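Everything below belongs to target_2.cif, which stores mmCIF, C-alpha atoms.
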data_protein
#
loop_
_atom_site.label_atom_id
_atom_site.label_comp_id
_atom_site.auth_asym_id
_atom_site.auth_seq_id
_atom_site.Cartn_x
_atom_site.Cartn_y
_atom_site.Cartn_z
CA MET A 189 248.20 135.79 -33.78
CA SER A 190 251.86 136.78 -33.81
CA ALA A 191 254.73 134.34 -33.38
CA GLN A 192 256.15 134.00 -29.90
CA GLN A 193 259.76 133.63 -28.81
CA ILE A 194 259.92 130.62 -26.49
CA LEU A 195 262.93 129.82 -24.32
CA ILE A 196 263.27 126.33 -22.78
CA ILE A 197 265.80 125.82 -19.99
CA PHE A 198 267.21 122.83 -18.16
CA PRO A 199 268.94 124.42 -15.14
CA THR A 200 272.06 123.03 -13.58
CA SER A 201 272.33 122.24 -9.87
CA TYR A 202 274.49 123.44 -7.00
CA TYR A 203 277.62 121.35 -6.68
CA ASP A 204 279.02 123.16 -3.67
CA GLU A 205 278.04 126.06 -1.45
CA GLY A 206 277.31 128.95 -3.81
CA ARG A 207 278.88 127.19 -6.80
CA LEU A 208 276.92 125.97 -9.78
CA LEU A 209 277.82 122.68 -11.41
CA LYS A 210 279.29 123.57 -14.80
CA GLN A 211 281.01 121.32 -17.32
CA LYS A 212 283.18 122.04 -20.32
CA LYS A 213 281.46 119.13 -22.02
CA ALA A 214 278.52 117.04 -20.78
CA THR A 215 277.89 113.37 -21.53
CA MET A 216 274.80 113.97 -23.68
CA PRO A 217 272.05 116.55 -24.30
CA ASN A 218 268.97 116.64 -22.10
CA LEU A 219 266.11 114.89 -23.90
CA SER A 220 263.28 116.70 -22.06
CA ILE A 221 264.07 120.14 -23.43
CA LEU A 222 264.67 118.77 -26.94
CA TYR A 223 261.27 117.08 -26.87
CA LEU A 224 259.53 120.17 -25.46
CA ALA A 225 261.04 122.15 -28.32
CA GLY A 226 259.68 119.56 -30.75
CA LEU A 227 256.17 120.12 -29.36
CA VAL A 228 256.26 123.85 -30.10
CA PRO A 229 254.13 124.73 -33.17
CA ASP A 230 256.19 125.75 -36.20
CA ARG A 231 254.93 129.35 -36.25
CA HIS A 232 256.81 130.11 -33.02
CA LYS A 233 260.54 130.54 -32.50
CA VAL A 234 262.17 128.30 -29.91
CA SER A 235 265.57 128.28 -28.22
CA ILE A 236 267.04 125.90 -25.62
CA VAL A 237 269.62 126.20 -22.86
CA ASP A 238 271.33 123.34 -21.04
CA GLU A 239 272.82 125.35 -18.19
CA SER A 240 275.39 122.71 -17.26
CA VAL A 241 277.30 123.59 -20.46
CA SER A 242 275.91 127.03 -21.38
CA ASP A 243 275.10 130.24 -19.54
CA ILE A 244 271.57 131.61 -19.36
CA ASP A 245 271.06 134.98 -21.01
CA PHE A 246 268.58 136.64 -18.67
CA SER A 247 268.17 139.50 -21.15
CA PHE A 248 266.88 137.09 -23.81
CA PRO A 249 263.72 138.57 -25.42
CA ALA A 250 261.46 135.63 -24.60
CA ASP A 251 257.68 135.86 -24.55
CA LEU A 252 257.44 132.57 -22.68
CA VAL A 253 260.10 130.84 -20.55
CA ALA A 254 259.75 127.11 -19.73
CA VAL A 255 261.95 125.59 -17.02
CA SER A 256 262.30 121.82 -16.56
CA VAL A 257 262.57 120.90 -12.87
CA ILE A 258 264.00 117.76 -11.30
CA THR A 259 264.69 117.52 -7.58
CA PRO A 260 268.49 118.06 -7.77
CA ASN A 261 268.08 121.29 -9.73
CA ALA A 262 264.92 122.61 -8.02
CA LYS A 263 266.69 125.30 -6.00
CA ARG A 264 268.43 126.67 -9.07
CA ALA A 265 265.29 126.29 -11.21
CA TYR A 266 263.28 128.49 -8.87
CA GLU A 267 266.04 131.10 -8.84
CA VAL A 268 266.02 131.16 -12.65
CA ALA A 269 262.23 131.39 -12.73
CA ASP A 270 262.14 134.21 -10.16
CA ARG A 271 264.74 136.21 -12.03
CA PHE A 272 262.82 136.04 -15.33
CA ARG A 273 259.52 136.85 -13.62
CA ALA A 274 261.10 139.89 -11.97
CA GLN A 275 261.64 141.17 -15.53
CA GLY A 276 257.99 140.65 -16.39
CA LYS A 277 258.50 137.42 -18.33
CA THR A 278 255.88 134.67 -18.27
CA VAL A 279 257.39 131.53 -16.72
CA VAL A 280 256.06 127.96 -16.73
CA LEU A 281 257.54 125.14 -14.65
CA GLY A 282 257.20 121.43 -15.39
CA GLY A 283 259.02 118.14 -14.97
CA ILE A 284 259.00 115.37 -12.39
CA HIS A 285 259.72 117.58 -9.38
CA ALA A 286 257.19 120.26 -10.30
CA SER A 287 254.63 117.50 -10.86
CA CYS A 288 255.27 116.06 -7.40
CA GLN A 289 255.44 119.48 -5.68
CA PRO A 290 253.02 121.67 -7.67
CA GLU A 291 252.20 124.04 -4.80
CA GLU A 292 255.88 124.68 -4.19
CA ALA A 293 256.51 125.24 -7.91
CA ALA A 294 253.47 127.53 -8.26
CA ALA A 295 255.10 130.10 -5.95
CA HIS A 296 257.75 130.63 -8.64
CA ALA A 297 255.71 130.38 -11.84
CA ASP A 298 252.83 131.82 -13.81
CA ALA A 299 251.80 128.26 -14.71
CA VAL A 300 252.72 124.73 -13.65
CA VAL A 301 252.43 121.62 -15.82
CA ILE A 302 251.72 118.42 -13.89
CA GLY A 303 252.59 115.20 -15.66
CA GLU A 304 253.53 114.47 -19.26
CA ALA A 305 253.70 117.45 -21.58
CA ASP A 306 252.57 115.89 -24.88
CA ILE A 307 249.08 117.40 -24.82
CA LEU A 308 249.45 119.99 -22.07
CA TRP A 309 252.42 121.97 -23.40
CA PRO A 310 250.93 122.83 -26.83
CA GLN A 311 247.65 123.69 -25.08
CA LEU A 312 249.50 126.00 -22.67
CA ILE A 313 251.28 127.75 -25.55
CA ALA A 314 247.96 128.36 -27.30
CA ASP A 315 246.40 129.69 -24.09
CA HIS A 316 249.33 132.05 -23.51
CA GLU A 317 249.12 133.29 -27.09
CA ALA A 318 245.38 133.97 -26.61
CA GLY A 319 245.88 135.69 -23.24
CA ARG A 320 244.05 133.07 -21.18
CA LEU A 321 246.92 131.29 -19.41
CA ARG A 322 245.79 129.10 -16.52
CA LYS A 323 247.75 128.58 -13.30
CA LEU A 324 247.67 124.78 -13.53
CA TYR A 325 247.72 122.30 -16.41
CA GLN A 326 247.08 118.65 -15.62
CA SER A 327 245.64 115.61 -17.35
CA ALA A 328 244.62 112.37 -15.67
CA GLU A 329 245.26 110.39 -18.87
CA LYS A 330 248.60 109.01 -20.00
CA PRO A 331 248.99 109.75 -23.72
CA GLU A 332 249.65 107.01 -26.21
CA LEU A 333 252.97 107.31 -28.01
CA ASN A 334 251.92 107.20 -31.65
CA ASN A 335 252.85 110.06 -33.99
CA LEU A 336 254.93 111.98 -31.46
CA PRO A 337 256.90 114.93 -32.83
CA HIS A 338 260.61 114.31 -32.97
CA PRO A 339 262.94 116.12 -30.56
CA ARG A 340 264.68 119.19 -31.99
CA PHE A 341 268.10 117.64 -32.46
CA ASP A 342 268.98 120.54 -34.75
CA LEU A 343 269.07 122.85 -31.70
CA VAL A 344 271.87 120.89 -30.02
CA ASP A 345 275.29 122.56 -29.94
CA ARG A 346 277.23 119.37 -30.50
CA THR A 347 280.51 120.97 -29.48
CA LYS A 348 279.21 121.09 -25.89
CA TYR A 349 278.99 117.31 -25.50
CA ILE A 350 281.50 114.48 -25.38
CA HIS A 351 281.97 112.53 -28.60
CA PRO A 352 282.65 108.80 -28.21
CA PRO A 353 286.06 107.67 -29.53
CA MET A 354 286.40 107.76 -33.32
CA THR A 355 283.03 109.48 -33.87
CA SER A 356 282.11 113.03 -34.86
CA THR A 357 278.79 113.18 -33.00
CA PRO A 358 277.83 113.04 -29.30
CA ILE A 359 275.68 110.38 -27.68
CA ILE A 360 272.03 111.22 -28.42
CA PRO A 361 269.20 110.14 -26.07
CA ILE A 362 266.07 108.56 -27.56
CA GLN A 363 262.99 107.28 -25.74
CA THR A 364 261.10 104.27 -27.14
CA SER A 365 258.73 103.53 -24.24
CA ARG A 366 257.37 104.94 -21.00
CA GLY A 367 256.19 103.39 -17.75
CA CYS A 368 257.44 100.81 -15.28
CA PRO A 369 255.43 98.02 -13.62
CA HIS A 370 257.68 98.01 -10.55
CA ALA A 371 257.28 100.32 -7.59
CA CYS A 372 260.72 100.57 -6.01
CA ASP A 373 260.49 102.79 -2.93
CA PHE A 374 263.28 105.16 -4.01
CA CYS A 375 262.11 105.72 -7.60
CA SER A 376 259.63 108.26 -8.95
CA VAL A 377 259.43 106.75 -12.46
CA THR A 378 256.19 104.88 -11.80
CA GLU A 379 254.68 107.93 -10.10
CA PHE A 380 255.39 110.12 -13.12
CA TRP A 381 255.17 107.79 -16.14
CA GLY A 382 252.72 105.28 -14.66
CA SER A 383 252.85 101.52 -14.19
CA ARG A 384 251.42 100.66 -17.61
CA LEU A 385 254.03 100.21 -20.29
CA ARG A 386 253.45 102.29 -23.43
CA PHE A 387 255.50 101.79 -26.58
CA ARG A 388 256.32 103.95 -29.57
CA PRO A 389 255.85 102.46 -33.06
CA ILE A 390 259.11 100.96 -34.27
CA PRO A 391 259.14 102.75 -37.66
CA GLU A 392 258.92 106.09 -35.82
CA ILE A 393 261.86 105.13 -33.60
CA ILE A 394 263.98 104.19 -36.60
CA GLU A 395 263.09 107.49 -38.28
CA GLU A 396 264.13 109.36 -35.13
CA VAL A 397 267.47 107.57 -34.90
CA LYS A 398 268.19 108.52 -38.51
CA LEU A 399 267.06 112.11 -37.91
CA SER A 400 269.39 112.44 -34.91
CA GLY A 401 272.43 111.80 -37.08
CA ALA A 402 274.02 110.01 -34.12
CA ARG A 403 276.41 107.10 -34.38
CA THR A 404 275.93 106.34 -30.67
CA VAL A 405 272.49 106.38 -29.06
CA PHE A 406 271.29 106.07 -25.48
CA PHE A 407 267.84 104.48 -25.28
CA THR A 408 266.39 106.03 -22.13
CA ASP A 409 263.71 103.38 -21.47
CA ASP A 410 263.86 102.11 -17.89
CA ASN A 411 263.88 98.54 -19.17
CA PHE A 412 264.73 98.11 -22.84
CA MET A 413 263.66 94.44 -22.67
CA ALA A 414 260.34 95.01 -20.89
CA ASN A 415 258.52 93.38 -23.81
CA PRO A 416 260.95 90.80 -25.26
CA LYS A 417 259.00 90.20 -28.47
CA ARG A 418 258.81 93.90 -29.25
CA THR A 419 262.49 94.40 -28.31
CA ALA A 420 263.51 91.67 -30.76
CA GLU A 421 261.54 93.41 -33.52
CA LEU A 422 263.19 96.73 -32.70
CA CYS A 423 266.67 95.17 -32.67
CA ARG A 424 266.16 93.65 -36.11
CA ALA A 425 265.11 97.07 -37.40
CA LEU A 426 268.22 98.67 -35.88
CA ILE A 427 270.73 96.28 -37.48
CA PRO A 428 270.84 98.02 -40.90
CA LEU A 429 271.59 101.38 -39.22
CA LYS A 430 274.96 100.11 -37.96
CA ILE A 431 274.88 102.30 -34.85
CA LYS A 432 276.24 101.65 -31.38
CA TYR A 433 273.90 102.06 -28.45
CA ILE A 434 273.52 102.01 -24.69
CA CYS A 435 270.35 100.77 -23.03
CA GLN A 436 268.96 99.96 -19.60
CA LEU A 437 268.23 96.35 -18.64
CA SER A 438 266.82 94.62 -15.59
CA SER A 439 269.03 92.32 -13.53
CA PHE A 440 267.14 89.27 -14.78
CA ALA A 441 267.76 89.91 -18.50
CA TYR A 442 269.90 86.74 -18.40
CA LYS A 443 266.65 84.77 -18.77
CA HIS A 444 266.58 85.80 -22.45
CA PRO A 445 269.94 84.70 -23.89
CA GLU A 446 268.83 84.76 -27.53
CA LEU A 447 267.52 88.30 -27.14
CA VAL A 448 270.77 89.43 -25.49
CA LYS A 449 272.62 88.11 -28.55
CA LEU A 450 270.25 90.08 -30.76
CA LEU A 451 270.98 93.20 -28.72
CA ALA A 452 274.67 92.73 -29.42
CA ASP A 453 274.06 92.07 -33.12
CA SER A 454 272.05 95.30 -33.38
CA GLY A 455 274.77 97.46 -31.83
CA CYS A 456 274.35 97.34 -28.04
CA VAL A 457 277.74 97.93 -26.43
CA ILE A 458 276.81 99.02 -22.89
CA ALA A 459 273.92 97.92 -20.67
CA PHE A 460 273.04 100.04 -17.65
CA VAL A 461 271.69 97.64 -15.00
CA GLY A 462 269.97 98.64 -11.75
CA PHE A 463 271.52 96.11 -9.39
CA GLU A 464 271.29 98.72 -6.57
CA SER A 465 272.70 96.42 -3.88
CA VAL A 466 274.42 93.09 -3.33
CA SER A 467 272.48 92.78 -0.07
CA ARG A 468 269.25 90.81 -0.18
CA GLN A 469 268.10 92.56 2.98
CA GLY A 470 268.85 95.99 1.56
CA LEU A 471 266.91 95.28 -1.63
CA GLU A 472 263.86 94.06 0.25
CA ALA A 473 263.92 97.18 2.43
CA VAL A 474 263.33 99.36 -0.65
CA ASN A 475 260.83 97.03 -2.36
CA LYS A 476 263.27 95.72 -4.95
CA GLY A 477 263.35 92.16 -3.71
CA PHE A 478 262.80 90.90 -7.26
CA ASN A 479 266.53 91.49 -7.77
CA LYS A 480 268.47 88.34 -6.84
CA PRO A 481 272.12 89.06 -5.94
CA ALA A 482 272.96 85.36 -6.16
CA GLU A 483 272.05 85.49 -9.86
CA TYR A 484 273.86 88.71 -10.81
CA GLY A 485 276.87 86.75 -12.04
CA ARG A 486 274.76 85.01 -14.69
CA LEU A 487 273.92 88.36 -16.29
CA PHE A 488 277.56 89.49 -16.22
CA ASP A 489 278.63 86.25 -17.90
CA LEU A 490 275.98 86.46 -20.63
CA LEU A 491 276.53 90.13 -21.48
CA THR A 492 280.32 89.78 -21.46
CA GLN A 493 280.07 86.75 -23.73
CA HIS A 494 278.42 88.96 -26.36
CA GLY A 495 280.71 91.96 -25.94
CA ILE A 496 278.18 94.05 -24.00
CA HIS A 497 279.73 95.98 -21.13
CA VAL A 498 277.91 96.24 -17.80
CA TYR A 499 277.31 99.70 -16.35
CA ALA A 500 276.25 98.82 -12.81
CA SER A 501 273.96 101.09 -10.78
CA ILE A 502 274.55 100.85 -7.03
CA ILE A 503 272.79 102.64 -4.16
CA LEU A 504 274.64 103.10 -0.87
CA GLY A 505 273.15 104.31 2.39
CA LEU A 506 270.48 101.66 2.79
CA ASP A 507 269.91 100.79 6.44
CA GLY A 508 272.73 98.50 7.52
CA ASP A 509 275.19 99.71 4.88
CA ASP A 510 278.69 100.45 6.17
CA GLU A 511 282.34 100.29 5.06
CA HIS A 512 282.05 96.51 4.86
CA THR A 513 279.21 96.97 2.35
CA VAL A 514 281.47 99.14 0.22
CA ALA A 515 284.26 96.55 0.28
CA GLU A 516 281.85 93.71 -0.54
CA THR A 517 280.18 95.65 -3.36
CA VAL A 518 283.36 96.92 -5.00
CA GLY A 519 284.97 93.51 -4.58
CA PHE A 520 282.04 91.86 -6.35
CA LEU A 521 282.05 94.38 -9.20
CA ARG A 522 285.79 93.99 -9.70
CA LYS A 523 285.53 90.20 -9.64
CA GLN A 524 282.84 90.36 -12.33
CA ARG A 525 284.91 92.93 -14.24
CA ALA A 526 282.07 95.44 -14.33
CA SER A 527 283.05 97.96 -16.96
CA ILE A 528 281.53 101.04 -15.32
CA ALA A 529 279.63 101.68 -12.10
CA ALA A 530 277.44 104.54 -10.95
CA PHE A 531 277.32 104.81 -7.16
CA PHE A 532 274.48 106.87 -5.69
CA PRO A 533 273.68 107.81 -2.12
CA LEU A 534 270.13 106.88 -1.14
CA ILE A 535 268.07 109.92 -2.15
CA PRO A 536 264.61 110.54 -0.63
CA THR A 537 262.98 112.16 -3.66
CA PRO A 538 259.50 113.67 -3.20
CA GLY A 539 256.82 111.56 -4.80
CA THR A 540 258.39 108.30 -3.60
CA LYS A 541 257.45 105.93 -0.79
CA LEU A 542 260.98 106.31 0.56
CA TYR A 543 260.52 110.05 1.02
CA ASP A 544 257.15 109.63 2.73
CA ARG A 545 258.47 106.94 5.07
CA LEU A 546 261.59 108.83 6.13
CA ARG A 547 259.62 112.02 6.66
CA GLU A 548 257.15 110.20 8.89
CA GLN A 549 260.06 108.72 10.85
CA GLY A 550 261.62 112.18 11.30
CA ARG A 551 264.78 111.10 9.52
CA LEU A 552 265.01 113.92 6.99
CA TYR A 553 267.28 116.85 7.77
CA ALA A 554 264.53 119.01 6.27
CA ASP A 555 261.24 118.14 4.59
CA SER A 556 262.24 120.31 1.61
CA TRP A 557 265.92 119.45 1.81
CA TRP A 558 266.44 120.35 -1.87
CA LEU A 559 265.73 124.02 -1.04
CA SER A 560 268.00 124.26 1.97
CA ASP A 561 270.66 126.97 2.04
CA ASP A 562 272.81 124.56 4.03
CA HIS A 563 275.11 122.63 1.70
CA THR A 564 275.31 119.61 4.03
CA THR A 565 271.53 119.28 4.29
CA ARG A 566 271.14 119.34 0.50
CA ARG A 567 273.76 116.62 0.02
CA VAL A 568 273.34 114.33 3.06
CA ARG A 569 269.53 114.59 3.35
CA ILE A 570 268.99 111.59 5.68
CA ARG A 571 269.72 111.26 9.39
CA TYR A 572 271.61 108.07 10.20
CA GLY A 573 272.44 106.66 13.62
CA ASP A 574 275.22 108.08 15.76
CA GLY A 575 278.56 107.29 14.14
CA ALA A 576 276.94 105.57 11.15
CA PRO A 577 278.37 106.58 7.76
CA THR A 578 276.13 108.52 5.42
CA GLY A 579 275.25 107.35 1.94
CA LEU A 580 277.37 110.18 0.55
CA GLN A 581 280.44 109.04 2.51
CA LEU A 582 279.98 105.44 1.39
CA MET A 583 279.46 106.52 -2.22
CA THR A 584 282.70 108.52 -2.14
CA LYS A 585 284.68 105.55 -0.80
CA ALA A 586 283.18 103.23 -3.40
CA MET A 587 283.86 105.62 -6.30
CA ARG A 588 287.50 106.08 -5.33
CA ALA A 589 288.03 102.37 -4.87
CA PHE A 590 286.30 101.28 -8.07
CA TYR A 591 287.97 103.95 -10.21
CA SER A 592 291.47 103.61 -8.82
CA PRO A 593 294.10 103.01 -11.55
CA LEU A 594 294.72 99.47 -10.29
CA SER A 595 291.01 98.66 -10.42
CA ILE A 596 290.64 100.04 -13.95
CA LEU A 597 293.62 98.06 -15.20
CA GLY A 598 292.36 94.87 -13.56
CA ARG A 599 288.93 95.21 -15.14
CA TYR A 600 290.12 96.07 -18.65
CA PHE A 601 293.22 94.00 -19.29
CA PRO A 602 293.62 91.72 -21.07
CA TYR A 603 291.79 93.35 -23.99
CA ARG A 604 287.98 93.43 -23.90
CA ARG A 605 285.77 93.55 -26.98
CA ASN A 606 284.00 96.89 -27.58
CA GLY A 607 286.03 98.22 -24.67
CA LEU A 608 287.27 101.58 -25.97
CA LEU A 609 284.23 103.72 -25.06
CA PRO A 610 283.76 102.36 -21.52
CA PHE A 611 287.53 102.44 -20.90
CA VAL A 612 287.65 106.12 -21.86
CA MET A 613 284.66 106.75 -19.59
CA ASN A 614 286.60 105.15 -16.72
CA LEU A 615 289.57 107.42 -17.30
CA GLU A 616 287.38 110.53 -17.40
CA ILE A 617 285.71 109.61 -14.11
CA ALA A 618 289.02 108.76 -12.46
CA LEU A 619 290.47 112.12 -13.46
CA LYS A 620 287.45 113.95 -12.05
CA LEU A 621 287.79 112.04 -8.77
CA LYS A 622 291.49 112.86 -8.48
CA VAL A 623 292.19 109.34 -7.22
CA THR A 624 295.07 109.09 -4.71
CA PRO A 625 297.27 106.03 -4.01
CA HIS A 626 295.72 105.09 -0.66
CA TYR A 627 292.47 104.23 -2.45
CA PHE A 628 294.11 101.46 -4.47
CA MET A 629 292.45 98.14 -3.67
#

As a first step, turn the structure in this file into structure tokens.
Amino acid sequence: MSAQQILIIFPTSYYDEGRLLKQKKATMPNLSILYLAGLVPDRHKVSIVDESVSDIDFSFPADLVAVSVITPNAKRAYEVADRFRAQGKTVVLGGIHASCQPEEAAAHADAVVIGEADILWPQLIADHEAGRLRKLYQSAEKPELNNLPHPRFDLVDRTKYIHPPMTSTPIIPIQTSRGCPHACDFCSVTEFWGSRLRFRPIPEIIEEVKLSGARTVFFTDDNFMANPKRTAELCRALIPLKIKYICQLSSFAYKHPELVKLLADSGCVIAFVGFESVSRQGLEAVNKGFNKPAEYGRLFDLLTQHGIHVYASIILGLDGDDEHTVAETVGFLRKQRASIAAFFPLIPTPGTKLYDRLREQGRLYADSWWLSDDHTTRRVRIRYGDGAPTGLQLMTKAMRAFYSPLSILGRYFPYRRNGLLPFVMNLEIALKLKVTPHYFM
């Protein structure tokens, strides 16, 4: 059998009507396409494209084109797939969105992969090579994470990604576990990865970190401390590498103070925490009542004590949210000196309980809002009451308030340990927002 030329694409999304979201430099490479490339047998040639920072060459002589689909990029992904298929190319679609909407994806593909690609993707490549490609690839089993091939870090054009201050390499994403035992209504993680936690062997993780050549790593696990004993073992193994890293923690990580210290000792400088809301009622409405807003301050205190900066995740647009919610939330984050914050509008993603509930209630602008030609429908998505602000409007107000120059100065001065990277991130976000004086708070 002859070698195939395989092209793997992570499409960008539409930022505005008719305008693709493009960046001079992105925060970090997309891990999915790097891992898919790592699963390709050595006899084949593989290329990758992250469309947010590179253009797609539609004349590329590919035998097989794989497109990774998430809900925000679905419209663009289908356009890319259709264009390659019109040239006679074989196209396969996969990813969380394609897994949740396989019939929709199938209209734009020669094959659709549902679920994790570890076993299915190499099988699909072999079937295509043998001329017996199936329309659908799916496995009911969740693969164990031993002996996984490493992502193809060598395919990354490192000039296309932001380098943290005083480093010569970009932030590199690495996954050490999959699964989440929680079932938050707005999240598709459990639907895709499953509720059972699966862990990669620690020696293989350490080997991957070394292979990446990165001095700053983002561990993509949804909860880096999901198994405290295992996390402690991993941290001890990371210490000799002398890297810096970002990880995701739950809001009740404060219950493990000794482990938080070990995180800091092993190089953790930023913790991304899914607080989501400072409203108890709002959290309960989306099945995240295990978060306790009254206890958030304890986590801030503990992480700050050890020089770990908090990157707070906040969702706006929950029922009952208004301008007062924005003021309360931003005020709390500024009081706690949150280093960074990501504000998201409530997004009804297919495959989630939130999406099913809002669709049943008739509150979606369109069932397949991600495919709408109307820019407002794709961005607003949810119908709110007359005169009620949308999640997008609240998010915009919060971003401009939190990233105003006065807010940044108040959160970063006097000097904060390990503060250079998050401070630079603040400045980059503020510049993108084009903050104006009337948003000073």

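Checking A:Ile359, A:Val514, A:Met613, A:Val568 one by one against Leu534 of chain A, counting all atoms listed in the file, you find the shortest gap at A:Val568.
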
Output of the PyMOL selection byres ((chain A and resi 488) around 9), listed as a ChimeraX atom specification: /A:442,484-487,489-493,497-498,524-526

Residues matched by the PyMOL selection byres ((chain A and resi 283-297) around 6), written as a list of chain:residue names: A:Ser256, A:Val257, A:Ile258, A:Thr259, A:Tyr266, A:Asp270, A:Val279, A:Val280, A:Gly282, A:Asp298, A:Ala299, A:Ile302, A:Gly303, A:Gly539

Picked residues, the PyMOL selection byres ((chain A and resi 210) around 12), as a list in words: Pro199, Thr200, Ser201, Tyr202, Tyr203, Asp204, Arg207, Leu208, Leu209, Gln211, Lys212, Lys213, Ala214, Asp238, Glu239, Ser240, Val241, Ser242, Asp243 and Lys348 of chain A

Pick from A:Leu582, A:Ala554, A:Leu429, A:Ile390, whichever lies nearest to Thr364 of chain A using only C-alpha atoms: A:Ile390

Pick from A:Asp373, A:Lys330, A:Pro481, A:Phe407, whichever lies nearest to Leu546 of chain A using all atoms listed in the file: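 Under the stated criterion, the closest residue is A:Asp373.
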
Atomic separation - atom CA of Ala265 of chain A relative to atom CA of His338 of chain A, Å: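 One can read the atom CA of His338 of chain A to atom CA of Ala265 of chain A distance as 25.3 Å.
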
Among the residues A:Asn261, A:Thr347, A:Gln192, A:Ser439, the one that comes closest to Ala314 of chain A [using all atoms listed in the file]: A:Gln192

Per residue of segment 218-326 of chain A within 7 Å of segment 558-561 of chain A, note the shortest atom pair and the distance in Å to one decimal, counting only C-alpha atoms, and order the rows by chain and increasing residue number, as CSV.
residue,atom,partner,partner_atom,distance
A:Thr259,CA,A:Trp558,CA,6.6
A:Pro260,CA,A:Trp558,CA,6.7
A:Ala262,CA,A:Trp558,CA,6.7
A:Lys263,CA,A:Leu559,CA,5.2

Mind writing the picked residues with C-alpha atoms as an mmCIF file, in the coordinates of the input?
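Contents of selection.cif, freshly written:
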data_model
loop_
_atom_site.group_PDB
_atom_site.id
_atom_site.type_symbol
_atom_site.label_atom_id
_atom_site.label_comp_id
_atom_site.auth_asym_id
_atom_site.auth_seq_id
_atom_site.Cartn_x
_atom_site.Cartn_y
_atom_site.Cartn_z
ATOM 1 C CA THR A 259 264.690 117.520 -7.580
ATOM 2 C CA PRO A 260 268.490 118.060 -7.770
ATOM 3 C CA ALA A 262 264.920 122.610 -8.020
ATOM 4 C CA LYS A 263 266.690 125.300 -6.000
#

Proximity to Ala576 of chain A - best of A:Gly508, A:Pro538, A:Pro353, A:Gly607, all atoms listed in the file: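 Of A:Gly508, A:Pro538, A:Pro353, A:Gly607, the one nearest Ala576 of chain A is A:Gly508, counting all atoms listed in the file.
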
d(atom CA of Tyr499 of chain A, atom CA of Arg418 of chain A) in Å: 23.3 Å

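Shortest separation to Ile458 of chain A among A:Gly206, A:Pro391, A:Pro610, A:Gly505 occurs at residue A:Pro610, atoms counted being all atoms listed in the file.
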
d(atom CA of Ser465 of chain A, atom CA of Ile535 of chain A) in Å: 14.4 Å

Selection near Gln436 of chain A, 12 Å with all atoms listed in the file, sequence-local residues under 5 positions removed, as a VMD selection string: chain A and resid 363 to 365 405 to 414 441 451 456 to 463 496 to 501

Because the input lacks atoms here, generate N, CA and C atoms for segment 459-470 of chain A and report them as a PDB file, in the frame of the given file.
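Saved to result23.pdb:
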ATOM      1  N   ALA A 459     275.226  98.092 -21.309  1.00  0.00           N
ATOM      2  CA  ALA A 459     273.920  97.920 -20.670  1.00  0.00           C
ATOM      3  C   ALA A 459     273.985  98.485 -19.259  1.00  0.00           C
ATOM      4  N   PHE A 460     273.147  99.450 -18.981  1.00  0.00           N
ATOM      5  CA  PHE A 460     273.040 100.040 -17.650  1.00  0.00           C
ATOM      6  C   PHE A 460     272.049  99.185 -16.857  1.00  0.00           C
ATOM      7  N   VAL A 461     272.510  98.600 -15.750  1.00  0.00           N
ATOM      8  CA  VAL A 461     271.690  97.640 -15.000  1.00  0.00           C
ATOM      9  C   VAL A 461     271.509  98.126 -13.560  1.00  0.00           C
ATOM     10  N   GLY A 462     270.280  98.207 -13.117  1.00  0.00           N
ATOM     11  CA  GLY A 462     269.970  98.640 -11.750  1.00  0.00           C
ATOM     12  C   GLY A 462     270.104  97.518 -10.747  1.00  0.00           C
ATOM     13  N   PHE A 463     271.323  97.121 -10.440  1.00  0.00           N
ATOM     14  CA  PHE A 463     271.520  96.110  -9.390  1.00  0.00           C
ATOM     15  C   PHE A 463     271.143  96.693  -8.036  1.00  0.00           C
ATOM     16  N   GLU A 464     271.561  97.919  -7.775  1.00  0.00           N
ATOM     17  CA  GLU A 464     271.290  98.720  -6.570  1.00  0.00           C
ATOM     18  C   GLU A 464     272.018  98.232  -5.320  1.00  0.00           C
ATOM     19  N   SER A 465     272.018  96.929  -5.075  1.00  0.00           N
ATOM     20  CA  SER A 465     272.700  96.420  -3.880  1.00  0.00           C
ATOM     21  C   SER A 465     273.045  94.956  -4.058  1.00  0.00           C
ATOM     22  N   VAL A 466     274.102  94.514  -3.360  1.00  0.00           N
ATOM     23  CA  VAL A 466     274.420  93.090  -3.330  1.00  0.00           C
ATOM     24  C   VAL A 466     273.854  92.457  -2.062  1.00  0.00           C
ATOM     25  N   SER A 467     273.094  93.252  -1.310  1.00  0.00           N
ATOM     26  CA  SER A 467     272.480  92.780  -0.070  1.00  0.00           C
ATOM     27  C   SER A 467     271.011  92.457  -0.295  1.00  0.00           C
ATOM     28  N   ARG A 468     270.651  91.222  -0.050  1.00  0.00           N
ATOM     29  CA  ARG A 468     269.250  90.810  -0.180  1.00  0.00           C
ATOM     30  C   ARG A 468     268.364  91.621   0.776  1.00  0.00           C
ATOM     31  N   GLN A 469     268.849  91.818   1.988  1.00  0.00           N
ATOM     32  CA  GLN A 469     268.100  92.560   2.980  1.00  0.00           C
ATOM     33  C   GLN A 469     267.904  94.018   2.555  1.00  0.00           C
ATOM     34  N   GLY A 470     268.950  94.613   2.016  1.00  0.00           N
ATOM     35  CA  GLY A 470     268.850  95.990   1.560  1.00  0.00           C
ATOM     36  C   GLY A 470     267.857  96.158   0.430  1.00  0.00           C
TER      37      GLY A 470
END
